[in-house]
file query_20.pdb (PDB, C-alpha atoms and all ligand atoms)
ATOM      1  CA  MET A 200      52.259  72.967  84.471
ATOM      2  CA  ALA A 201      55.743  73.172  82.935
ATOM      3  CA  ARG A 202      58.356  70.984  84.488
ATOM      4  CA  PHE A 203      62.022  70.863  83.819
ATOM      5  CA  GLU A 204      63.344  67.400  83.742
ATOM      6  CA  ASP A 205      66.970  66.618  84.161
ATOM      7  CA  ASP A 206      67.247  63.659  81.892
ATOM      8  CA  ARG A 207      71.020  63.281  82.318
ATOM      9  CA  HIS A 208      72.384  60.395  84.272
ATOM     10  CA  GLY A 209      75.596  59.437  85.950
ATOM     11  CA  ASP A 210      78.284  62.151  86.374
ATOM     12  CA  ALA A 211      76.506  64.761  84.254
ATOM     13  CA  ALA A 212      73.323  64.791  86.301
ATOM     14  CA  GLY A 213      73.006  68.170  88.061
ATOM     15  CA  LYS A 214      76.741  68.701  88.358
ATOM     16  CA  VAL A 215      78.994  71.485  87.163
ATOM     17  CA  ILE A 216      81.896  70.118  85.248
ATOM     18  CA  THR A 217      85.058  72.187  85.607
ATOM     19  CA  ARG A 218      88.078  71.838  83.437
ATOM     20  CA  THR A 219      91.482  73.316  84.153
ATOM     21  CA  GLU A 220      93.660  74.338  81.250
ATOM     22  CA  THR A 221      97.351  74.844  81.671
ATOM     23  CA  ARG A 222      99.293  76.876  79.148
ATOM     24  CA  THR A 223     103.009  77.154  78.795
ATOM     25  CA  ARG A 224     104.124  80.756  79.303
ATOM     26  CA  LEU A 225     106.131  81.774  76.287
ATOM     27  CA  LYS A 226     106.862  85.396  77.173
ATOM     28  CA  ARG A 227     109.242  86.436  79.903
ATOM     29  CA  PRO A 228     107.680  88.905  82.382
ATOM     30  CA  ARG A 229     108.409  92.516  81.514
ATOM     31  CA  MET A 230     111.642  93.747  83.054
ATOM     32  CA  TYR A 231     112.602  97.228  84.260
ATOM     33  CA  LYS A 232     115.885  99.095  84.116
ATOM     34  CA  VAL A 233     116.989 100.955  87.220
ATOM     35  CA  LEU A 234     118.709 104.167  86.115
ATOM     36  CA  LEU A 235     121.072 106.155  88.306
ATOM     37  CA  HIS A 236     121.288 109.913  87.670
ATOM     38  CA  ASN A 237     124.212 112.227  88.157
ATOM     39  CA  ASP A 238     124.013 115.396  90.228
ATOM     40  CA  ASP A 239     126.535 118.006  91.345
ATOM     41  CA  PHE A 240     126.194 117.521  95.105
ATOM     42  CA  THR A 241     126.192 113.888  96.151
ATOM     43  CA  PRO A 242     129.720 112.841  97.180
ATOM     44  CA  ARG A 243     131.261 110.104  95.054
ATOM     45  CA  GLU A 244     131.958 107.924  98.104
ATOM     46  CA  PHE A 245     128.286 108.077  99.106
ATOM     47  CA  VAL A 246     127.190 106.912  95.650
ATOM     48  CA  VAL A 247     129.660 104.013  95.826
ATOM     49  CA  LEU A 248     128.356 102.985  99.260
ATOM     50  CA  VAL A 249     124.737 103.083  98.098
ATOM     51  CA  LEU A 250     125.552 100.965  95.036
ATOM     52  CA  GLN A 251     127.361  98.438  97.223
ATOM     53  CA  HIS A 252     124.518  98.176  99.726
ATOM     54  CA  VAL A 253     121.425  98.391  97.540
ATOM     55  CA  PHE A 254     122.730  96.571  94.463
ATOM     56  CA  HIS A 255     125.236  94.243  96.144
ATOM     57  CA  MET A 256     128.122  95.456  93.990
ATOM     58  CA  SER A 257     131.783  95.128  94.854
ATOM     59  CA  GLU A 258     133.601  98.377  95.583
ATOM     60  CA  ALA A 259     135.322  98.133  92.188
ATOM     61  CA  GLU A 260     132.047  97.640  90.290
ATOM     62  CA  ALA A 261     130.340 100.413  92.244
ATOM     63  CA  SER A 262     133.224 102.841  91.610
ATOM     64  CA  ARG A 263     133.198 102.049  87.921
ATOM     65  CA  LEU A 264     129.456 102.654  87.587
ATOM     66  CA  MET A 265     129.607 105.797  89.750
ATOM     67  CA  LEU A 266     132.274 107.219  87.401
ATOM     68  CA  TYR A 267     130.252 106.211  84.336
ATOM     69  CA  VAL A 268     127.203 108.083  85.663
ATOM     70  CA  HIS A 269     129.375 111.032  86.734
ATOM     71  CA  ASN A 270     130.747 111.297  83.173
ATOM     72  CA  HIS A 271     127.639 110.429  81.136
ATOM     73  CA  GLY A 272     124.802 111.799  83.269
ATOM     74  CA  VAL A 273     122.878 108.542  83.641
ATOM     75  CA  GLY A 274     123.581 104.795  83.674
ATOM     76  CA  VAL A 275     121.771 101.478  84.017
ATOM     77  CA  VAL A 276     122.450  99.926  87.404
ATOM     78  CA  GLY A 277     120.543  96.710  86.764
ATOM     79  CA  ILE A 278     117.454  95.136  85.184
ATOM     80  CA  TYR A 279     114.811  93.577  87.411
ATOM     81  CA  PRO A 280     111.148  92.544  87.637
ATOM     82  CA  PHE A 281     108.949  95.556  88.468
ATOM     83  CA  ALA A 282     108.613  94.982  92.227
ATOM     84  CA  VAL A 283     112.365  94.548  92.685
ATOM     85  CA  ALA A 284     113.200  97.593  90.531
ATOM     86  CA  GLU A 285     110.647  99.697  92.424
ATOM     87  CA  THR A 286     112.107  98.626  95.773
ATOM     88  CA  LYS A 287     115.676  99.467  94.709
ATOM     89  CA  VAL A 288     114.602 102.918  93.477
ATOM     90  CA  ALA A 289     112.886 103.517  96.820
ATOM     91  CA  GLU A 290     115.953 102.341  98.763
ATOM     92  CA  VAL A 291     118.234 104.734  96.867
ATOM     93  CA  GLY A 292     115.733 107.540  97.469
ATOM     94  CA  ALA A 293     115.475 106.758 101.182
ATOM     95  CA  ALA A 294     119.266 106.652 101.649
ATOM     96  CA  ALA A 295     119.656 109.938  99.756
ATOM     97  CA  GLU A 296     116.896 111.636 101.699
ATOM     98  CA  LYS A 297     118.298 110.472 105.039
ATOM     99  CA  ALA A 298     121.752 111.841 104.145
ATOM    100  CA  ARG A 299     120.190 114.949 102.575
ATOM    101  CA  PHE A 300     121.751 114.416  99.146
ATOM    102  CA  PRO A 301     119.868 114.735  95.840
ATOM    103  CA  LEU A 302     120.975 111.318  94.542
ATOM    104  CA  MET A 303     118.219 109.831  92.413
ATOM    105  CA  ALA A 304     117.382 106.533  90.740
ATOM    106  CA  THR A 305     114.407 105.944  88.435
ATOM    107  CA  LEU A 306     112.990 102.965  86.613
ATOM    108  CA  GLU A 307     112.132 102.500  82.964
ATOM    109  CA  PRO A 308     110.558  99.545  81.140
ATOM    110  CA  GLU A 309     113.112  97.502  79.309
ATOM    111  CA  SER A 310     112.671  97.882  75.548
ATOM    112  CA  ASP A 311     110.911  95.143  73.568
ATOM    113  CA  GLY A 312     113.785  95.458  71.124
ATOM    114  CA  ASP A 313     115.987  93.435  73.442
ATOM    115  CA  SER A 314     115.479  90.248  71.466
ATOM    116  CA  ASP A 315     118.554  88.462  72.776
ATOM    117  CA  GLY A 316     117.818  89.224  76.407
ATOM    118  CA  ASP A 317     121.205  90.757  77.145
ATOM    119  CA  GLY A 318     119.772  94.087  78.319
ATOM    120  CA  GLU A 319     120.938  95.876  75.161
ATOM    121  CA  GLU A 320     118.755  96.771  72.232
ATOM    122  CA  GLY A 321     121.022  95.295  69.631
ATOM    123  CA  ASP A 322     122.715  98.378  68.146
ATOM    124  CA  GLY A 323     125.894  97.513  70.027
ATOM    125  CA  GLY A 324     125.955 101.049  71.341
ATOM    126  CA  GLY A 325     128.121 101.614  74.343
ATOM    127  CA  GLY A 326     126.049 101.283  77.514
ATOM    128  CA  TRP A 327     128.157 100.805  80.598
ATOM    129  CA  GLN A 328     127.178  97.154  80.719
ATOM    130  CA  GLN A 329     128.966  96.305  77.510
ATOM    131  CA  GLY A 330     131.741  93.996  78.538
ATOM    132  CA  GLY A 331     130.525  94.265  82.085
ATOM    133  CA  PRO A 332     128.930  91.669  84.335
ATOM    134  CA  PRO A 333     126.083  89.580  82.863
ATOM    135  CA  SER A 334     122.716  91.014  83.806
TER     136      SER A 334
HETATM  137  N1  LIG A 401     128.790 114.156  90.333
HETATM  138  C1  LIG A 401     128.970 113.828  91.723
HETATM  139  C2  LIG A 401     130.210 114.572  92.242
HETATM  140  O1  LIG A 401     131.021 115.048  91.445
HETATM  141  C3  LIG A 401     129.183 112.330  91.941
HETATM  142  C4  LIG A 401     128.007 111.535  91.530
HETATM  143  C5  LIG A 401     128.161 110.402  90.731
HETATM  144  C6  LIG A 401     126.724 111.865  91.946
HETATM  145  C7  LIG A 401     127.080 109.622  90.348
HETATM  146  C8  LIG A 401     125.637 111.112  91.564
HETATM  147  O2  LIG A 401     124.749 109.212  90.423
HETATM  148  C9  LIG A 401     125.826 109.974  90.793
HETATM  149  N2  LIG A 401     130.354 114.654  93.547
END

call {"tool": "encode", "arguments": {"input": "query_20.pdb", "output": "structure tokens", "more": "lines below"}}
Ligand code: TYC
result
Amino acid sequence: MARFEDDRHGDAAGKVITRTETRTRLKRPRMYKVLLHNDDFTPREFVVLVLQHVFHMSEAEASRLMLYVHNHGVGVVGIYPFAVAETKVAEVGAAAEKARFPLMATLEPESDGDSDGDGEEGDGGGGWQQGGPPS
């Protein structure tokens, strides 16, 4: 009759050896831009209040961004990990819905072209954040 012999001794005998590998993470987690969109109905003051509350901006910062979006149609409010960006978009949507205004924020993956991590893609082209607060 066939028999299987375990001929190992010591630690190896009948035991599962596990090994944990740790690797250094070289890539930053993917980040997401929160975009604010213009519309013809939401009052300017309401937009400023939402930016102050949801994005913790000063009144001056919020007014400046509100005007940028009013003039250009869309602007980047901030860049966050996915869960944070998603929450901010939802908070803007909830505030707008409650006040019955069409104010809208969306999120968009940050481009891989942002090699220097400053939230710009490197063409130097005039987003509102140029010269603005570090992101
Ligand atoms: N365009 C709006 C107005 O003239 C103001 C506004 C600014 C609305 C920014 C939305 O994201 C926005 N009342």

call {"tool": "resolve_selection", "arguments": {"input": "query_20.pdb", "expression": "the PyMOL selection byres (((chain A and resi 236) around 12) and not hetatm)", "output": "ChimeraX atom specification"}}
result
/A:233-235,237-241,246,264-276,288,291-292,301-306

call {"tool": "closest_residue", "arguments": {"input": "query_20.pdb", "among": "A:Gln251, A:Ser262, A:Ser310, A:Thr223", "to": "ligand LIG 401 (chain A)", "atoms": "only C-alpha atoms and all ligand atoms"}}
result
A:Ser262

call {"tool": "closest_residue", "arguments": {"input": "query_20.pdb", "among": "A:Arg243, A:Arg263, A:His252, A:Lys287", "to": "ligand LIG 401 (chain A)", "atoms": "all atoms listed in the file"}}
result
A:Arg243

call {"tool": "atom_distance", "arguments": {"input": "query_20.pdb", "atom1": "CA of Glu307 in chain A", "atom2": "CA of Val283 in chain A"}}
result
12.6 Å

call {"tool": "resolve_selection", "arguments": {"input": "query_20.pdb", "expression": "the PyMOL selection byres (((chain A and resi 281) around 8) and not hetatm)", "output": "list in words"}}
result
Arg229, Met230, Tyr231, Tyr279, Pro280, Ala282, Val283, Ala284 and Glu285 of chain A

call {"tool": "closest_residue", "arguments": {"input": "query_20.pdb", "among": "A:Glu290, A:Val247, A:Gly277, A:Val253", "to": "ligand LIG 401 (chain A)", "atoms": "all atoms listed in the file"}}
result
A:Val247

call {"tool": "closest_residue", "arguments": {"input": "query_20.pdb", "among": "A:Glu258, A:Glu309, A:Glu220, A:Glu244", "to": "ligand LIG 401 (chain A)", "atoms": "all atoms listed in the file"}}
result
A:Glu244
